[in-house]
Amino acid sequence: NRIIAFKDFVNNIPYPYDDNGHGSHVSGICSGNGYMSGGKYTGVAPLSNIVSVKILDKKGQGNSPQALAGIQWIIDNKEKYNIKIANLE
């Protein structure tokens with residue numbers, strides 16, 4: 001499991017989930033290791049770990065306080081999880 005951290009600012013669920021699908025899709029493009037295709041299709045950074053911060057609901061909607069809290073969490077935890085890139089969709 002390459003998801004090394006997860007923080008949910010929408011439903012406060014403690015384990016990783018994606019009720020919209022977009023985050024998983026983008027994570028696959030970025031970090032997919034090709035497991036399901038026998039290594040034929042990989043992401044841009046197939047050896048990278050994933051830190052997932054959920055700020056949008058199942059409809060892809062959110063608000064500014066959730067977005068700001070998510071960004072602050074990334075800043076506060078960048079050293080702990082070696083975060084080098086953040087992708088906000």
# chains A, B, ... in the order shown; residues from 1 in each chain; ligands from 1
>>> select_by_dssp(residues="chain A", states="helix (DSSP H, G or I)", output="MDAnalysis selection string")
chainID A and resid 22:31 35:37 64:77
>>> write_last_selection(atoms="N, CA, C and O atoms", output="mmCIF file, in the first residue's frame")
data_model
loop_
_atom_site.group_PDB
_atom_site.id
_atom_site.type_symbol
_atom_site.label_atom_id
_atom_site.label_comp_id
_atom_site.auth_asym_id
_atom_site.auth_seq_id
_atom_site.Cartn_x
_atom_site.Cartn_y
_atom_site.Cartn_z
ATOM 1 N N HIS A 22 -12.527 10.762 -9.015
ATOM 2 C CA HIS A 22 -11.563 11.637 -9.686
ATOM 3 C C HIS A 22 -10.185 11.570 -9.018
ATOM 4 O O HIS A 22 -9.164 11.507 -9.709
ATOM 5 N N GLY A 23 -10.140 11.555 -7.706
ATOM 6 C CA GLY A 23 -8.860 11.499 -7.005
ATOM 7 C C GLY A 23 -8.095 10.215 -7.310
ATOM 8 O O GLY A 23 -6.877 10.239 -7.517
ATOM 9 N N SER A 24 -8.801 9.094 -7.366
ATOM 10 C CA SER A 24 -8.154 7.830 -7.702
ATOM 11 C C SER A 24 -7.633 7.845 -9.132
ATOM 12 O O SER A 24 -6.547 7.334 -9.421
ATOM 13 N N HIS A 25 -8.402 8.428 -10.029
ATOM 14 C CA HIS A 25 -7.988 8.532 -11.427
ATOM 15 C C HIS A 25 -6.695 9.341 -11.555
ATOM 16 O O HIS A 25 -5.729 8.909 -12.195
ATOM 17 N N VAL A 26 -6.664 10.509 -10.926
ATOM 18 C CA VAL A 26 -5.480 11.366 -10.986
ATOM 19 C C VAL A 26 -4.290 10.692 -10.305
ATOM 20 O O VAL A 26 -3.160 10.747 -10.805
ATOM 21 N N SER A 27 -4.525 10.027 -9.190
ATOM 22 C CA SER A 27 -3.441 9.311 -8.502
ATOM 23 C C SER A 27 -2.853 8.220 -9.391
ATOM 24 O O SER A 27 -1.645 8.000 -9.398
ATOM 25 N N GLY A 28 -3.701 7.550 -10.149
ATOM 26 C CA GLY A 28 -3.223 6.522 -11.069
ATOM 27 C C GLY A 28 -2.361 7.097 -12.175
ATOM 28 O O GLY A 28 -1.332 6.518 -12.546
ATOM 29 N N ILE A 29 -2.761 8.231 -12.716
ATOM 30 C CA ILE A 29 -1.963 8.893 -13.751
ATOM 31 C C ILE A 29 -0.604 9.295 -13.192
ATOM 32 O O ILE A 29 0.430 9.127 -13.837
ATOM 33 N N CYS A 30 -0.604 9.804 -11.977
ATOM 34 C CA CYS A 30 0.650 10.269 -11.365
ATOM 35 C C CYS A 30 1.501 9.133 -10.832
ATOM 36 O O CYS A 30 2.704 9.085 -11.073
ATOM 37 N N SER A 31 0.893 8.219 -10.088
ATOM 38 C CA SER A 31 1.665 7.252 -9.305
ATOM 39 C C SER A 31 1.393 5.795 -9.637
ATOM 40 O O SER A 31 1.891 4.915 -8.940
ATOM 41 N N TYR A 35 0.611 -2.343 -11.960
ATOM 42 C CA TYR A 35 0.313 -3.668 -11.409
ATOM 43 C C TYR A 35 -0.784 -4.380 -12.196
ATOM 44 O O TYR A 35 -0.624 -5.545 -12.566
ATOM 45 N N MET A 36 -1.886 -3.706 -12.460
ATOM 46 C CA MET A 36 -3.019 -4.342 -13.132
ATOM 47 C C MET A 36 -2.755 -4.644 -14.606
ATOM 48 O O MET A 36 -3.442 -5.464 -15.207
ATOM 49 N N SER A 37 -1.763 -4.003 -15.203
ATOM 50 C CA SER A 37 -1.451 -4.242 -16.621
ATOM 51 C C SER A 37 -0.149 -5.023 -16.788
ATOM 52 O O SER A 37 0.403 -5.070 -17.889
ATOM 53 N N SER A 64 -14.306 26.927 0.795
ATOM 54 C CA SER A 64 -12.997 27.531 1.058
ATOM 55 C C SER A 64 -12.383 27.087 2.380
ATOM 56 O O SER A 64 -11.179 26.792 2.412
ATOM 57 N N PRO A 65 -13.134 27.029 3.482
ATOM 58 C CA PRO A 65 -12.514 26.575 4.737
ATOM 59 C C PRO A 65 -11.933 25.161 4.645
ATOM 60 O O PRO A 65 -10.862 24.892 5.186
ATOM 61 N N GLN A 66 -12.627 24.255 3.949
ATOM 62 C CA GLN A 66 -12.094 22.900 3.781
ATOM 63 C C GLN A 66 -10.819 22.923 2.944
ATOM 64 O O GLN A 66 -9.848 22.234 3.254
ATOM 65 N N ALA A 67 -10.829 23.705 1.871
ATOM 66 C CA ALA A 67 -9.651 23.804 1.003
ATOM 67 C C ALA A 67 -8.466 24.373 1.772
ATOM 68 O O ALA A 67 -7.348 23.845 1.694
ATOM 69 N N LEU A 68 -8.695 25.437 2.519
ATOM 70 C CA LEU A 68 -7.611 26.049 3.301
ATOM 71 C C LEU A 68 -7.094 25.105 4.384
ATOM 72 O O LEU A 68 -5.890 25.025 4.617
ATOM 73 N N ALA A 69 -8.006 24.376 5.031
ATOM 74 C CA ALA A 69 -7.586 23.416 6.060
ATOM 75 C C ALA A 69 -6.746 22.303 5.431
ATOM 76 O O ALA A 69 -5.745 21.871 6.013
ATOM 77 N N GLY A 70 -7.131 21.847 4.247
ATOM 78 C CA GLY A 70 -6.367 20.816 3.554
ATOM 79 C C GLY A 70 -4.982 21.292 3.171
ATOM 80 O O GLY A 70 -3.986 20.575 3.360
ATOM 81 N N ILE A 71 -4.896 22.492 2.645
ATOM 82 C CA ILE A 71 -3.593 23.050 2.271
ATOM 83 C C ILE A 71 -2.718 23.244 3.513
ATOM 84 O O ILE A 71 -1.528 22.930 3.497
ATOM 85 N N GLN A 72 -3.309 23.723 4.590
ATOM 86 C CA GLN A 72 -2.542 23.899 5.830
ATOM 87 C C GLN A 72 -2.040 22.562 6.355
ATOM 88 O O GLN A 72 -0.913 22.450 6.843
ATOM 89 N N TRP A 73 -2.878 21.520 6.255
ATOM 90 C CA TRP A 73 -2.458 20.188 6.699
ATOM 91 C C TRP A 73 -1.248 19.719 5.889
ATOM 92 O O TRP A 73 -0.299 19.145 6.449
ATOM 93 N N ILE A 74 -1.271 19.959 4.581
ATOM 94 C CA ILE A 74 -0.138 19.586 3.725
ATOM 95 C C ILE A 74 1.121 20.326 4.173
ATOM 96 O O ILE A 74 2.196 19.727 4.313
ATOM 97 N N ILE A 75 1.002 21.623 4.397
ATOM 98 C CA ILE A 75 2.153 22.418 4.843
ATOM 99 C C ILE A 75 2.681 21.908 6.179
ATOM 100 O O ILE A 75 3.884 21.738 6.365
ATOM 101 N N ASP A 76 1.771 21.639 7.105
ATOM 102 C CA ASP A 76 2.166 21.185 8.442
ATOM 103 C C ASP A 76 2.811 19.797 8.430
ATOM 104 O O ASP A 76 3.578 19.458 9.332
ATOM 105 N N ASN A 77 2.502 18.985 7.426
ATOM 106 C CA ASN A 77 2.977 17.600 7.388
ATOM 107 C C ASN A 77 3.963 17.308 6.261
ATOM 108 O O ASN A 77 4.309 16.154 6.031
#
>>> residues_around(residues="Asn49 (chain A)", least_positions_apart="6", cutoff="7 Å", atoms="only C-alpha atoms", output="list in words")
Arg2, Ile3 and Ile4 of chain A
>>> closest_residue(among="A:Lys7, A:Lys58, A:Ile50, A:Val44", to="Tyr81 (chain A)", atoms="only C-alpha atoms")
A:Ile50
>>> residues_around(residues="Tyr17 (chain A)", least_positions_apart="2", cutoff="9 Å", atoms="only C-alpha atoms", output="ChimeraX atom specification")
/A:6,13,15,19,24,54
>>> decode(residues="region 42-56 of chain A", atoms="all heavy atoms", output="PDB file, in the first residue's frame")
ATOM      1  N   THR A  42       2.155   2.527 -16.746  1.00  0.00           N
ATOM      2  CA  THR A  42       2.540   3.090 -15.461  1.00  0.00           C
ATOM      3  C   THR A  42       2.280   4.586 -15.455  1.00  0.00           C
ATOM      4  O   THR A  42       2.112   5.206 -16.506  1.00  0.00           O
ATOM      5  CB  THR A  42       4.033   2.852 -15.158  1.00  0.00           C
ATOM      6  OG1 THR A  42       4.818   3.523 -16.139  1.00  0.00           O
ATOM      7  CG2 THR A  42       4.373   1.381 -15.145  1.00  0.00           C
ATOM      8  N   GLY A  43       2.257   5.148 -14.271  1.00  0.00           N
ATOM      9  CA  GLY A  43       2.098   6.587 -14.129  1.00  0.00           C
ATOM     10  C   GLY A  43       3.417   7.303 -14.330  1.00  0.00           C
ATOM     11  O   GLY A  43       4.455   6.689 -14.595  1.00  0.00           O
ATOM     12  N   VAL A  44       3.371   8.604 -14.189  1.00  0.00           N
ATOM     13  CA  VAL A  44       4.554   9.439 -14.377  1.00  0.00           C
ATOM     14  C   VAL A  44       5.618   9.141 -13.324  1.00  0.00           C
ATOM     15  O   VAL A  44       6.812   9.156 -13.617  1.00  0.00           O
ATOM     16  CB  VAL A  44       4.152  10.933 -14.339  1.00  0.00           C
ATOM     17  CG1 VAL A  44       5.358  11.833 -14.451  1.00  0.00           C
ATOM     18  CG2 VAL A  44       3.152  11.237 -15.439  1.00  0.00           C
ATOM     19  N   ALA A  45       5.197   8.875 -12.097  1.00  0.00           N
ATOM     20  CA  ALA A  45       6.124   8.595 -10.989  1.00  0.00           C
ATOM     21  C   ALA A  45       5.705   7.293 -10.302  1.00  0.00           C
ATOM     22  O   ALA A  45       5.167   7.305  -9.199  1.00  0.00           O
ATOM     23  CB  ALA A  45       6.129   9.758 -10.013  1.00  0.00           C
ATOM     24  N   PRO A  46       5.953   6.144 -10.945  1.00  0.00           N
ATOM     25  CA  PRO A  46       5.430   4.871 -10.441  1.00  0.00           C
ATOM     26  C   PRO A  46       6.004   4.396  -9.108  1.00  0.00           C
ATOM     27  O   PRO A  46       5.440   3.508  -8.488  1.00  0.00           O
ATOM     28  CB  PRO A  46       5.764   3.882 -11.553  1.00  0.00           C
ATOM     29  CG  PRO A  46       6.892   4.495 -12.299  1.00  0.00           C
ATOM     30  CD  PRO A  46       6.689   5.984 -12.188  1.00  0.00           C
ATOM     31  N   LEU A  47       7.087   4.987  -8.643  1.00  0.00           N
ATOM     32  CA  LEU A  47       7.667   4.590  -7.352  1.00  0.00           C
ATOM     33  C   LEU A  47       7.268   5.533  -6.222  1.00  0.00           C
ATOM     34  O   LEU A  47       7.687   5.344  -5.080  1.00  0.00           O
ATOM     35  CB  LEU A  47       9.192   4.519  -7.460  1.00  0.00           C
ATOM     36  CG  LEU A  47       9.735   3.513  -8.477  1.00  0.00           C
ATOM     37  CD1 LEU A  47      11.255   3.587  -8.538  1.00  0.00           C
ATOM     38  CD2 LEU A  47       9.261   2.104  -8.176  1.00  0.00           C
ATOM     39  N   SER A  48       6.469   6.523  -6.525  1.00  0.00           N
ATOM     40  CA  SER A  48       6.099   7.513  -5.512  1.00  0.00           C
ATOM     41  C   SER A  48       5.057   6.975  -4.537  1.00  0.00           C
ATOM     42  O   SER A  48       4.305   6.057  -4.850  1.00  0.00           O
ATOM     43  CB  SER A  48       5.564   8.778  -6.188  1.00  0.00           C
ATOM     44  OG  SER A  48       4.388   8.483  -6.918  1.00  0.00           O
ATOM     45  N   ASN A  49       5.038   7.566  -3.356  1.00  0.00           N
ATOM     46  CA  ASN A  49       4.001   7.290  -2.370  1.00  0.00           C
ATOM     47  C   ASN A  49       2.884   8.308  -2.537  1.00  0.00           C
ATOM     48  O   ASN A  49       3.053   9.339  -3.176  1.00  0.00           O
ATOM     49  CB  ASN A  49       4.565   7.356  -0.957  1.00  0.00           C
ATOM     50  CG  ASN A  49       5.494   6.210  -0.669  1.00  0.00           C
ATOM     51  OD1 ASN A  49       5.223   5.073  -1.040  1.00  0.00           O
ATOM     52  ND2 ASN A  49       6.602   6.492  -0.019  1.00  0.00           N
ATOM     53  N   ILE A  50       1.744   8.019  -1.921  1.00  0.00           N
ATOM     54  CA  ILE A  50       0.575   8.890  -2.045  1.00  0.00           C
ATOM     55  C   ILE A  50       0.148   9.379  -0.668  1.00  0.00           C
ATOM     56  O   ILE A  50       0.002   8.585   0.268  1.00  0.00           O
ATOM     57  CB  ILE A  50      -0.596   8.141  -2.716  1.00  0.00           C
ATOM     58  CG1 ILE A  50      -0.195   7.702  -4.127  1.00  0.00           C
ATOM     59  CG2 ILE A  50      -1.854   8.995  -2.732  1.00  0.00           C
ATOM     60  CD1 ILE A  50      -1.138   6.712  -4.754  1.00  0.00           C
ATOM     61  N   VAL A  51      -0.040  10.676  -0.548  1.00  0.00           N
ATOM     62  CA  VAL A  51      -0.638  11.301   0.627  1.00  0.00           C
ATOM     63  C   VAL A  51      -1.931  11.923   0.123  1.00  0.00           C
ATOM     64  O   VAL A  51      -1.915  12.818  -0.719  1.00  0.00           O
ATOM     65  CB  VAL A  51       0.286  12.381   1.237  1.00  0.00           C
ATOM     66  CG1 VAL A  51      -0.411  13.102   2.366  1.00  0.00           C
ATOM     67  CG2 VAL A  51       1.585  11.759   1.715  1.00  0.00           C
ATOM     68  N   SER A  52      -3.057  11.429   0.600  1.00  0.00           N
ATOM     69  CA  SER A  52      -4.356  11.870   0.099  1.00  0.00           C
ATOM     70  C   SER A  52      -5.042  12.775   1.124  1.00  0.00           C
ATOM     71  O   SER A  52      -5.188  12.400   2.285  1.00  0.00           O
ATOM     72  CB  SER A  52      -5.235  10.647  -0.185  1.00  0.00           C
ATOM     73  OG  SER A  52      -6.497  11.041  -0.654  1.00  0.00           O
ATOM     74  N   VAL A  53      -5.451  13.949   0.668  1.00  0.00           N
ATOM     75  CA  VAL A  53      -6.151  14.907   1.523  1.00  0.00           C
ATOM     76  C   VAL A  53      -7.491  15.207   0.853  1.00  0.00           C
ATOM     77  O   VAL A  53      -7.535  15.789  -0.224  1.00  0.00           O
ATOM     78  CB  VAL A  53      -5.321  16.195   1.707  1.00  0.00           C
ATOM     79  CG1 VAL A  53      -6.068  17.184   2.585  1.00  0.00           C
ATOM     80  CG2 VAL A  53      -3.961  15.876   2.295  1.00  0.00           C
ATOM     81  N   LYS A  54      -8.569  14.771   1.467  1.00  0.00           N
ATOM     82  CA  LYS A  54      -9.905  14.912   0.874  1.00  0.00           C
ATOM     83  C   LYS A  54     -10.550  16.219   1.310  1.00  0.00           C
ATOM     84  O   LYS A  54     -10.787  16.436   2.492  1.00  0.00           O
ATOM     85  CB  LYS A  54     -10.781  13.729   1.276  1.00  0.00           C
ATOM     86  CG  LYS A  54     -12.149  13.751   0.613  1.00  0.00           C
ATOM     87  CD  LYS A  54     -12.865  12.445   0.849  1.00  0.00           C
ATOM     88  CE  LYS A  54     -14.207  12.397   0.168  1.00  0.00           C
ATOM     89  NZ  LYS A  54     -14.152  12.556  -1.274  1.00  0.00           N
ATOM     90  N   ILE A  55     -10.842  17.092   0.315  1.00  0.00           N
ATOM     91  CA  ILE A  55     -11.497  18.366   0.608  1.00  0.00           C
ATOM     92  C   ILE A  55     -12.783  18.555  -0.203  1.00  0.00           C
ATOM     93  O   ILE A  55     -13.481  19.541  -0.013  1.00  0.00           O
ATOM     94  CB  ILE A  55     -10.553  19.563   0.367  1.00  0.00           C
ATOM     95  CG1 ILE A  55     -10.100  19.630  -1.082  1.00  0.00           C
ATOM     96  CG2 ILE A  55      -9.377  19.511   1.324  1.00  0.00           C
ATOM     97  CD1 ILE A  55      -9.367  20.901  -1.458  1.00  0.00           C
ATOM     98  N   LEU A  56     -13.091  17.616  -1.096  1.00  0.00           N
ATOM     99  CA  LEU A  56     -14.313  17.701  -1.897  1.00  0.00           C
ATOM    100  C   LEU A  56     -15.213  16.505  -1.613  1.00  0.00           C
ATOM    101  O   LEU A  56     -14.734  15.403  -1.371  1.00  0.00           O
ATOM    102  CB  LEU A  56     -13.969  17.742  -3.395  1.00  0.00           C
ATOM    103  CG  LEU A  56     -13.084  18.906  -3.844  1.00  0.00           C
ATOM    104  CD1 LEU A  56     -12.777  18.772  -5.333  1.00  0.00           C
ATOM    105  CD2 LEU A  56     -13.735  20.241  -3.548  1.00  0.00           C
TER     106      LEU A  56
END
